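Asks: Mind having a look at this structure? Questions to follow.
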Amino acid sequence: MNAPGHASPFADLARKRDLWWQFTVRTVELRHRGSFLGILWAGLTPLLMLALYYVVFGVIFKSSFGVLPDETRTDYALAFFLGLILYQLLAETLTVSPTLILANPNLVKKVVFPLDVLPLAQLGATWFNLGISLALMMLGAVFFGRGISVTGLVWLPVVLFPLLLLSAGLSWLCAALGVFFRDLAQVMPFLAQIVLYASAVVYPIARIPAEIWAFLKWNPLLHSVELARDALLWDSPLNLHHLAYTYVAGFAVFLLGRWIFKKLQPAFADVI
């Protein structure tokens, strides 16, 4: 049996679930407090970004994914929107996490406070926005697109779970490193743009040259985006090898990020 100080990460997080939930709700409320539209921004923001990117890539550059027969502009918009909202999850994790610990020095001074909850609360708020965006995308597919199969809905949690692990691990990693490397917060927005164009959000995988695919194939977000499209929009068989890779990468980053956070946490108070 594991000693209390060496409990598995999942058992440890399960014990903190009430505190995690409280801070997640607090993060969601603070994010929209004082704005005129409030929580409606959780749905409006991705829709506005969709409109911008759709005009640029769908209308001006006339991009297409070329998977569905007789692909329409609506088909392209829905597939693009799905990729965009999954990308936004990771982009927000990268850009917000480096300042999470620095922004809460009063909690760092409290010896008994579990600081690993802070990145998870931010992540919970991000996944809340993801849920709203996914609901909008699926409504669009039902009323304006080709619909969504029951099989696709069943596969969706299976496809998204490794992305949850990946984002949690990155959140811990960036939050811990951001305490010691303050420039990380300045670098992350640029890195997030690189992730956007490295994840096949605006273009099909088939158009990636072989020499570039040799590098991009290791990007788990790229595979998560493609698998989600296959399941929800394209009704295509899932590539189980790619799905297995997203799980391996997700668990690896989750465990690595948590390990680094726990190793560096004792020094947070001294640095801040």
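Each chain of the structure tokens is named A, B, ... in the order shown, its residues numbered from 1; ligands are numbered from 1 in display order.
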Just the residues within 8 Å of Leu118 of chain A, please, counting only C-alpha atoms, with nothing from its chain fewer than 5 positions along; format it as a list of chain:residue names.

Replies: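 Close residues of Leu118 of chain A: A:Trp20, A:Phe23, A:Leu100, A:Ile101.
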
Asks: Next, the residues of the selection above should be written as a short mmCIF file (atom, residue, chain, number, x, y, z; two decimals), in the first residue's frame with N, CA, C and O atoms.

Replies:
```cif
data_model
loop_
_atom_site.label_atom_id
_atom_site.label_comp_id
_atom_site.auth_asym_id
_atom_site.auth_seq_id
_atom_site.Cartn_x
_atom_site.Cartn_y
_atom_site.Cartn_z
N TRP A 20 -10.66 21.72 -5.59
CA TRP A 20 -10.49 21.93 -7.03
C TRP A 20 -11.75 22.53 -7.62
O TRP A 20 -11.69 23.49 -8.40
N PHE A 23 -12.27 26.27 -6.54
CA PHE A 23 -11.39 27.20 -7.23
C PHE A 23 -11.71 27.28 -8.72
O PHE A 23 -11.49 28.33 -9.35
N LEU A 100 0.45 31.73 -13.00
CA LEU A 100 -0.54 31.32 -11.99
C LEU A 100 0.01 31.38 -10.57
O LEU A 100 -0.64 31.89 -9.66
N ILE A 101 1.20 30.85 -10.36
CA ILE A 101 1.77 30.84 -9.01
C ILE A 101 2.20 32.25 -8.61
O ILE A 101 1.98 32.68 -7.48
#
```

Asks: So which bits of segment 116-212 of chain A end up helix (DSSP H, G or I) when you DSSP the backbone, as a PyMOL selection string?

Replies: chain A and resi 117-143+150-180+184-197+205-207+210-212

Asks: What is the distance between atom CA of Ala175 of chain A and atom CA of Phe80 of chain A, in Å to one decimal?

Replies: 29.4 Å

Asks: Taking into account only C-alpha atoms, which residue in the set A:Val142, A:Ala121, A:Ala244, A:Leu238 is nearest to Gln22 of chain A?

Replies: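 Closest to Gln22 of chain A of all the choices is A:Ala121.
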
Asks: Out of A:Phe113, A:Phe254, A:Phe181, A:Phe128, which residue has the shortest atom-to-atom distance to Glu29 of chain A when counting only C-alpha atoms?

Replies: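 Nearest to Glu29 of chain A: A:Phe128.
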
Asks: Set the distance at 7 Å and use only C-alpha atoms: which residues neighbour Val225 of chain A once local chain neighbours fewer than 4 positions away are removed? I'd like the list as a VMD selection string.

Replies: chain A and resid 83 86 221 229

Asks: So that each row is one residue of segment 102-140 of chain A with an atom at most 8 Å from segment 157-170 of chain A, can you give its shortest atom pair and the distance in Å to one decimal, using only C-alpha atoms, rows by chain and rising number, as a Markdown table?

Replies:
```
| residue | atom | partner | partner_atom | distance |
| --- | --- | --- | --- | --- |
| A:Pro119 | CA | A:Ala168 | CA | 7.5 |
| A:Leu120 | CA | A:Ala168 | CA | 6.6 |
| A:Leu123 | CA | A:Ala168 | CA | 6.9 |
```

Asks: Just give me the gap between atom CA of Leu173 of chain A and atom CA of Val202 of chain A in Å, one decimal is fine.

Replies: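 If I compute the distance from atom CA of Leu173 of chain A to atom CA of Val202 of chain A, I get 27.6 Å.
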
Asks: For each of A:Val179, A:Pro209, A:Gln122, A:Leu184, take the minimum atom-to-atom distance to Arg31 of chain A, counting only C-alpha atoms, then give the residue where this is smallest.

Replies: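 Closest to Arg31 of chain A of all the choices is A:Gln122.
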
Asks: Might you pull out every residue within 12 Å of Val67 of chain A, with only C-alpha atoms counted and same-chain residues fewer than 4 positions away left off, and present them as a PyMOL selection string?

Replies: chain A and resi 71-72+75-76+79+203-207+226+229-230+233-236

Asks: What lies within 12 Å of segment 103-106 of chain A using only C-alpha atoms, ignoring chain neighbours under 5 positions off, as a PDB file with N, CA, C and O atoms, in the first residue's frame?

Replies:
```
ATOM      1  N   VAL A  96      -1.498  31.148 -20.037  1.00  0.00           N
ATOM      2  CA  VAL A  96      -1.952  31.583 -18.713  1.00  0.00           C
ATOM      3  C   VAL A  96      -1.149  30.930 -17.585  1.00  0.00           C
ATOM      4  O   VAL A  96      -0.851  31.561 -16.564  1.00  0.00           O
ATOM      5  N   SER A  97      -0.772  29.675 -17.760  1.00  0.00           N
ATOM      6  CA  SER A  97      -0.149  28.907 -16.677  1.00  0.00           C
ATOM      7  C   SER A  97       1.133  29.515 -16.107  1.00  0.00           C
ATOM      8  O   SER A  97       1.353  29.438 -14.887  1.00  0.00           O
ATOM      9  N   PRO A  98       2.032  30.106 -16.919  1.00  0.00           N
ATOM     10  CA  PRO A  98       3.293  30.601 -16.349  1.00  0.00           C
ATOM     11  C   PRO A  98       3.147  31.645 -15.248  1.00  0.00           C
ATOM     12  O   PRO A  98       4.080  31.847 -14.470  1.00  0.00           O
ATOM     13  N   VAL A 111       1.619  27.099   4.094  1.00  0.00           N
ATOM     14  CA  VAL A 111       2.296  25.807   3.991  1.00  0.00           C
ATOM     15  C   VAL A 111       1.330  24.678   3.664  1.00  0.00           C
ATOM     16  O   VAL A 111       1.660  23.753   2.927  1.00  0.00           O
ATOM     17  N   PHE A 113      -1.521  24.804   2.006  1.00  0.00           N
ATOM     18  CA  PHE A 113      -2.360  24.934   0.819  1.00  0.00           C
ATOM     19  C   PHE A 113      -1.772  24.120  -0.335  1.00  0.00           C
ATOM     20  O   PHE A 113      -0.585  24.276  -0.659  1.00  0.00           O
ATOM     21  N   LEU A 115      -0.843  23.823  -3.679  1.00  0.00           N
ATOM     22  CA  LEU A 115      -0.687  24.725  -4.826  1.00  0.00           C
ATOM     23  C   LEU A 115      -0.963  24.055  -6.166  1.00  0.00           C
ATOM     24  O   LEU A 115      -1.259  24.747  -7.147  1.00  0.00           O
ATOM     25  N   VAL A 117      -3.438  22.671  -7.042  1.00  0.00           N
ATOM     26  CA  VAL A 117      -4.842  22.877  -7.401  1.00  0.00           C
ATOM     27  C   VAL A 117      -5.005  24.108  -8.297  1.00  0.00           C
ATOM     28  O   VAL A 117      -5.921  24.157  -9.134  1.00  0.00           O
ATOM     29  N   LEU A 118      -4.124  25.101  -8.162  1.00  0.00           N
ATOM     30  CA  LEU A 118      -4.271  26.343  -8.932  1.00  0.00           C
ATOM     31  C   LEU A 118      -4.226  26.106 -10.441  1.00  0.00           C
ATOM     32  O   LEU A 118      -5.104  26.586 -11.169  1.00  0.00           O
ATOM     33  N   PRO A 119      -3.223  25.389 -10.966  1.00  0.00           N
ATOM     34  CA  PRO A 119      -3.246  25.105 -12.403  1.00  0.00           C
ATOM     35  C   PRO A 119      -4.463  24.292 -12.822  1.00  0.00           C
ATOM     36  O   PRO A 119      -5.013  24.503 -13.911  1.00  0.00           O
ATOM     37  N   ALA A 175       3.423  26.339 -14.986  1.00  0.00           N
ATOM     38  CA  ALA A 175       3.227  27.088 -13.740  1.00  0.00           C
ATOM     39  C   ALA A 175       4.478  27.020 -12.871  1.00  0.00           C
ATOM     40  O   ALA A 175       4.885  28.025 -12.274  1.00  0.00           O
ATOM     41  N   GLY A 178       7.411  28.893 -14.651  1.00  0.00           N
ATOM     42  CA  GLY A 178       7.158  30.329 -14.703  1.00  0.00           C
ATOM     43  C   GLY A 178       7.583  31.064 -13.448  1.00  0.00           C
ATOM     44  O   GLY A 178       7.850  32.276 -13.489  1.00  0.00           O
ATOM     45  N   VAL A 179       7.679  30.355 -12.321  1.00  0.00           N
ATOM     46  CA  VAL A 179       8.138  30.983 -11.083  1.00  0.00           C
ATOM     47  C   VAL A 179       9.611  31.366 -11.189  1.00  0.00           C
ATOM     48  O   VAL A 179      10.033  32.419 -10.696  1.00  0.00           O
ATOM     49  N   ARG A 182      10.825  34.114 -15.510  1.00  0.00           N
ATOM     50  CA  ARG A 182       9.728  35.072 -15.712  1.00  0.00           C
ATOM     51  C   ARG A 182       9.492  35.373 -17.193  1.00  0.00           C
ATOM     52  O   ARG A 182       8.396  35.761 -17.590  1.00  0.00           O
ATOM     53  N   PHE A 268       9.233  27.622  -4.193  1.00  0.00           N
ATOM     54  CA  PHE A 268       8.380  28.716  -4.682  1.00  0.00           C
ATOM     55  C   PHE A 268       8.424  29.916  -3.720  1.00  0.00           C
ATOM     56  O   PHE A 268       8.587  31.062  -4.149  1.00  0.00           O
ATOM     57  N   ALA A 269       8.249  29.647  -2.443  1.00  0.00           N
ATOM     58  CA  ALA A 269       8.176  30.736  -1.468  1.00  0.00           C
ATOM     59  C   ALA A 269       9.461  31.543  -1.419  1.00  0.00           C
ATOM     60  O   ALA A 269       9.446  32.769  -1.254  1.00  0.00           O
ATOM     61  N   ASP A 270      10.600  30.885  -1.559  1.00  0.00           N
ATOM     62  CA  ASP A 270      11.888  31.587  -1.530  1.00  0.00           C
ATOM     63  C   ASP A 270      12.056  32.513  -2.725  1.00  0.00           C
ATOM     64  O   ASP A 270      12.605  33.618  -2.604  1.00  0.00           O
ATOM     65  N   VAL A 271      11.573  32.074  -3.886  1.00  0.00           N
ATOM     66  CA  VAL A 271      11.742  32.867  -5.110  1.00  0.00           C
ATOM     67  C   VAL A 271      10.763  34.034  -5.150  1.00  0.00           C
ATOM     68  O   VAL A 271      11.094  35.151  -5.552  1.00  0.00           O
ATOM     69  N   ILE A 272       9.523  33.777  -4.717  1.00  0.00           N
ATOM     70  CA  ILE A 272       8.490  34.823  -4.760  1.00  0.00           C
ATOM     71  C   ILE A 272       8.693  35.811  -3.623  1.00  0.00           C
ATOM     72  O   ILE A 272       8.540  37.012  -3.797  1.00  0.00           O
TER      73      ILE A 272
END
```

Asks: Which residues, written as a PyMOL selection string, have at least one atom at most 10 Å from Gly58 of chain A, with only C-alpha atoms counted and residues fewer than 5 positions away on the same chain left out?

Replies: chain A and resi 51-53+63-64+73-74+76-77+80+202

Asks: What's around segment 259-263 of chain A at 8 Å? Count only C-alpha atoms, leave out sequence neighbours fewer than 3 positions away in its own chain, and write the answer as a list in words.

Replies: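 In the requested format, the answer is Asp116, Trp172, Leu173, Ala175, Ala176, Leu255, Leu256 and Pro266 of chain A.
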